[in-house]
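> File start.pdb below, PDB, C-alpha atoms, pLDDT in the B column:
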MODEL        1
ATOM      1  CA  MET A 377       9.125   9.216   4.093  1.00 90.00           C
ATOM      2  CA  LYS A 378       7.260   6.432   5.833  1.00 93.00           C
ATOM      3  CA  ALA A 379       3.788   5.455   4.693  1.00 95.00           C
ATOM      4  CA  VAL A 380       1.158   2.798   5.326  1.00 95.00           C
ATOM      5  CA  ILE A 381      -0.293   0.963   2.321  1.00 97.00           C
ATOM      6  CA  SER A 382      -3.494  -0.985   2.879  1.00 97.00           C
ATOM      7  CA  VAL A 383      -4.934  -3.395   0.321  1.00 98.00           C
ATOM      8  CA  VAL A 384      -8.339  -5.095   0.393  1.00 98.00           C
ATOM      9  CA  GLY A 385      -9.973  -7.213  -2.289  1.00 98.00           C
ATOM     10  CA  LYS A 386     -11.238 -10.597  -3.332  1.00 98.00           C
ATOM     11  CA  ASP A 387      -8.460 -13.115  -2.769  1.00 97.00           C
ATOM     12  CA  ARG A 388      -6.539 -14.370  -5.787  1.00 97.00           C
ATOM     13  CA  THR A 389      -2.997 -15.312  -6.707  1.00 96.00           C
ATOM     14  CA  GLY A 390      -0.504 -12.484  -7.162  1.00 96.00           C
ATOM     15  CA  ILE A 391      -1.849  -9.565  -5.135  1.00 97.00           C
ATOM     16  CA  LEU A 392       1.230  -9.327  -2.903  1.00 97.00           C
ATOM     17  CA  ALA A 393       3.466  -9.701  -5.980  1.00 97.00           C
ATOM     18  CA  PHE A 394       1.523  -6.952  -7.785  1.00 97.00           C
ATOM     19  CA  VAL A 395       1.988  -4.391  -5.000  1.00 98.00           C
ATOM     20  CA  SER A 396       5.574  -5.359  -4.156  1.00 97.00           C
ATOM     21  CA  THR A 397       6.582  -5.201  -7.845  1.00 97.00           C
ATOM     22  CA  TYR A 398       5.132  -1.687  -8.053  1.00 98.00           C
ATOM     23  CA  CYS A 399       7.181  -0.741  -4.976  1.00 98.00           C
ATOM     24  CA  ALA A 400      10.400  -2.286  -6.302  1.00 98.00           C
ATOM     25  CA  GLN A 401      10.064  -0.493  -9.648  1.00 97.00           C
ATOM     26  CA  ARG A 402       9.825   2.854  -7.830  1.00 96.00           C
ATOM     27  CA  ASP A 403      12.575   2.208  -5.260  1.00 97.00           C
ATOM     28  CA  ILE A 404      10.012   2.061  -2.431  1.00 97.00           C
ATOM     29  CA  ASN A 405      11.410  -0.044   0.406  1.00 98.00           C
ATOM     30  CA  ILE A 406       8.939  -2.408   2.082  1.00 98.00           C
ATOM     31  CA  GLU A 407       9.885  -2.414   5.762  1.00 97.00           C
ATOM     32  CA  ASP A 408       7.103  -4.593   7.131  1.00 97.00           C
ATOM     33  CA  VAL A 409       4.110  -6.442   5.754  1.00 98.00           C
ATOM     34  CA  THR A 410       1.251  -8.442   7.176  1.00 97.00           C
ATOM     35  CA  GLN A 411      -1.476 -10.145   5.232  1.00 97.00           C
ATOM     36  CA  LYS A 412      -4.466 -12.288   5.983  1.00 97.00           C
ATOM     37  CA  VAL A 413      -7.234 -13.933   4.029  1.00 97.00           C
ATOM     38  CA  LEU A 414     -10.590 -13.617   5.794  1.00 95.00           C
ATOM     39  CA  GLN A 415     -12.909 -16.071   4.054  1.00 94.00           C
ATOM     40  CA  ASP A 416     -12.415 -14.883   0.401  1.00 96.00           C
ATOM     41  CA  ILE A 417     -11.194 -11.388   1.276  1.00 98.00           C
ATOM     42  CA  PHE A 418      -7.486 -10.594   1.023  1.00 98.00           C
ATOM     43  CA  THR A 419      -6.218  -7.927   3.426  1.00 98.00           C
ATOM     44  CA  MET A 420      -2.694  -6.549   3.625  1.00 98.00           C
ATOM     45  CA  ILE A 421      -0.924  -3.714   5.396  1.00 97.00           C
ATOM     46  CA  MET A 422       2.583  -2.615   4.443  1.00 97.00           C
ATOM     47  CA  ILE A 423       4.897  -0.129   6.107  1.00 96.00           C
ATOM     48  CA  VAL A 424       7.031   1.391   3.365  1.00 97.00           C
ATOM     49  CA  ASP A 425       9.664   4.065   2.897  1.00 97.00           C
ATOM     50  CA  ILE A 426       8.935   6.246  -0.139  1.00 96.00           C
ATOM     51  CA  PRO A 427      11.973   8.131  -1.485  1.00 95.00           C
ATOM     52  CA  GLN A 428      11.936  11.886  -0.875  1.00 91.00           C
ATOM     53  CA  GLY A 429      11.133  13.985  -3.895  1.00 85.00           C
ATOM     54  CA  PRO A 430       8.655  16.453  -5.239  1.00 82.00           C
ATOM     55  CA  ASP A 431       5.207  14.897  -5.150  1.00 91.00           C
ATOM     56  CA  ASN A 432       6.553  11.302  -4.711  1.00 92.00           C
ATOM     57  CA  PHE A 433       4.055  10.554  -1.958  1.00 93.00           C
ATOM     58  CA  ARG A 434       1.048  11.977  -3.838  1.00 94.00           C
ATOM     59  CA  ARG A 435       2.088  10.281  -7.112  1.00 95.00           C
ATOM     60  CA  THR A 436       2.500   6.944  -5.328  1.00 96.00           C
ATOM     61  CA  ALA A 437      -0.880   7.259  -3.607  1.00 96.00           C
ATOM     62  CA  ASP A 438      -2.667   8.252  -6.819  1.00 97.00           C
ATOM     63  CA  GLU A 439      -1.018   5.565  -8.962  1.00 97.00           C
ATOM     64  CA  LEU A 440      -1.664   2.772  -6.476  1.00 97.00           C
ATOM     65  CA  GLU A 441      -5.299   3.795  -6.070  1.00 97.00           C
ATOM     66  CA  GLU A 442      -5.786   3.822  -9.856  1.00 97.00           C
ATOM     67  CA  LEU A 443      -3.909   0.551 -10.406  1.00 97.00           C
ATOM     68  CA  GLY A 444      -5.865  -0.999  -7.540  1.00 97.00           C
ATOM     69  CA  ASN A 445      -9.151  -0.011  -9.159  1.00 97.00           C
ATOM     70  CA  GLU A 446      -8.022  -1.671 -12.392  1.00 97.00           C
ATOM     71  CA  GLN A 447      -7.245  -4.839 -10.403  1.00 96.00           C
ATOM     72  CA  MET A 448     -10.541  -4.703  -8.448  1.00 97.00           C
ATOM     73  CA  LEU A 449      -8.630  -3.850  -5.249  1.00 98.00           C
ATOM     74  CA  LYS A 450      -9.026  -1.026  -2.776  1.00 98.00           C
ATOM     75  CA  ILE A 451      -5.517   0.348  -2.191  1.00 98.00           C
ATOM     76  CA  HIS A 452      -4.978   3.274   0.150  1.00 96.00           C
ATOM     77  CA  VAL A 453      -1.683   5.013   0.951  1.00 96.00           C
ATOM     78  CA  MET A 454      -1.463   7.089   4.121  1.00 90.00           C
ATOM     79  CA  HIS A 455       1.483   9.090   5.434  1.00 79.00           C
ATOM     80  CA  GLU A 456       2.764   7.475   8.643  1.00 69.00           C
ATOM     81  CA  ASP A 457       2.326  10.712  10.639  1.00 65.00           C
ATOM     82  CA  ILE A 458      -1.378  10.876   9.705  1.00 69.00           C
ATOM     83  CA  PHE A 459      -1.821   7.190  10.510  1.00 63.00           C
ATOM     84  CA  ASN A 460      -0.194   7.627  13.930  1.00 60.00           C
ATOM     85  CA  ALA A 461      -2.239  10.765  14.703  1.00 65.00           C
ATOM     86  CA  MET A 462      -5.471   8.961  13.851  1.00 65.00           C
ATOM     87  CA  HIS A 463      -4.630   6.104  16.194  1.00 62.00           C
ATOM     88  CA  THR A 464      -3.418   8.123  19.175  1.00 66.00           C
ATOM     89  CA  ILE A 465      -5.808   8.622  22.048  1.00 61.00           C
TER      90      ILE A 465
ENDMDL
END
What is this structure when it is put down as structure tokens?


Amino acid sequence: MKAVISVVGKDRTGILAFVSTYCAQRDINIEDVTQKVLQDIFTMIMIVDIPQGPDNFRRTADELEELGNEQMLKIHVMHEDIFNAMHTI
């Protein structure tokens, strides 16, 4: 299932590596990524494909939010259908 992962936090080395390593370890395919540093603030949006399975999406969202908090990052995972519905006029 497709999802959008957004990451925001104070810029430092290794944020992209941190999130992409998490994805690789869970067989989550990163299909597209964009990142930008705005002054000292790191921002990133990823389009990913999370493997189907019971509660895979919810587990991924919960784990990334918790791991992000530990890293002083705000990480949010949103199902692609919800993202598209929110941005359709």

> In Å, rounded to a single decimal, give me how far CA of Ile417 in chain A is from CA of Lys386 in chain A.

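Separating CA of Lys386 in chain A from CA of Ile417 in chain A is a distance of 4.7 Å.
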
> Quick check on the file I pasted: which residues fall under the PyMOL selection byres ((chain A and resi 452) around 9)? Write them as number ranges by chain.

A: 380-383, 437-438, 440-441, 444, 450-451, 453-454

> Phe433 in chain A: which residues within 9 Å, counting all atoms listed in the file, same-chain residues fewer than 2 positions away excluded, as a ChimeraX atom specification?

/A:377,379,426-431,435-438,453-455

> Please, what distance in Å, to one decimal, runs between CA of Asp425 in chain A and CA of Ile391 in chain A?

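That distance, rounded to one decimal, is 19.6 Å.
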
> In Å, how far is it from CA of Val395 in chain A to CA of Phe418 in chain A?

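That distance, rounded to one decimal, is 12.8 Å.
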
> A:Gln411, A:Gly385, A:Ile423, A:Ala400: which is nearest Glu446 in chain A, counting all atoms listed in the file?

A:Gly385

> Taking the file as shown, find all residues satisfying the PyMOL selection byres ((chain A and resi 407) around 9) and write them as a list in words.

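This file gives the following for the PyMOL selection byres ((chain A and resi 407) around 9): Asn405, Ile406, Asp408, Val409, Met422, Ile423, Val424 and Asp425 of chain A.
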
> Nearest to Thr389 in chain A among A:Asp416, A:Glu442, A:Gln401, A:Thr410, with distances taken over all atoms listed in the file: which residue is it?

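Once distances to Thr389 in chain A are computed over all atoms listed in the file, the minimum belongs to A:Asp416.
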
> Using only C-alpha atoms, which residue out of A:Arg402, A:Arg388, A:Arg434, A:Lys412 lies closest to Met448 in chain A?

A:Arg388

> Quick one: axis-aligned box around all listed atoms of range 415-422 of chain A, 3 Å on every side, centre and edge lengths in Å to one decimal, written as JSON.


{"center_x": -5.2, "center_y": -9.3, "center_z": 2.9, "size_x": 21.5, "size_y": 19.5, "size_z": 11.0}
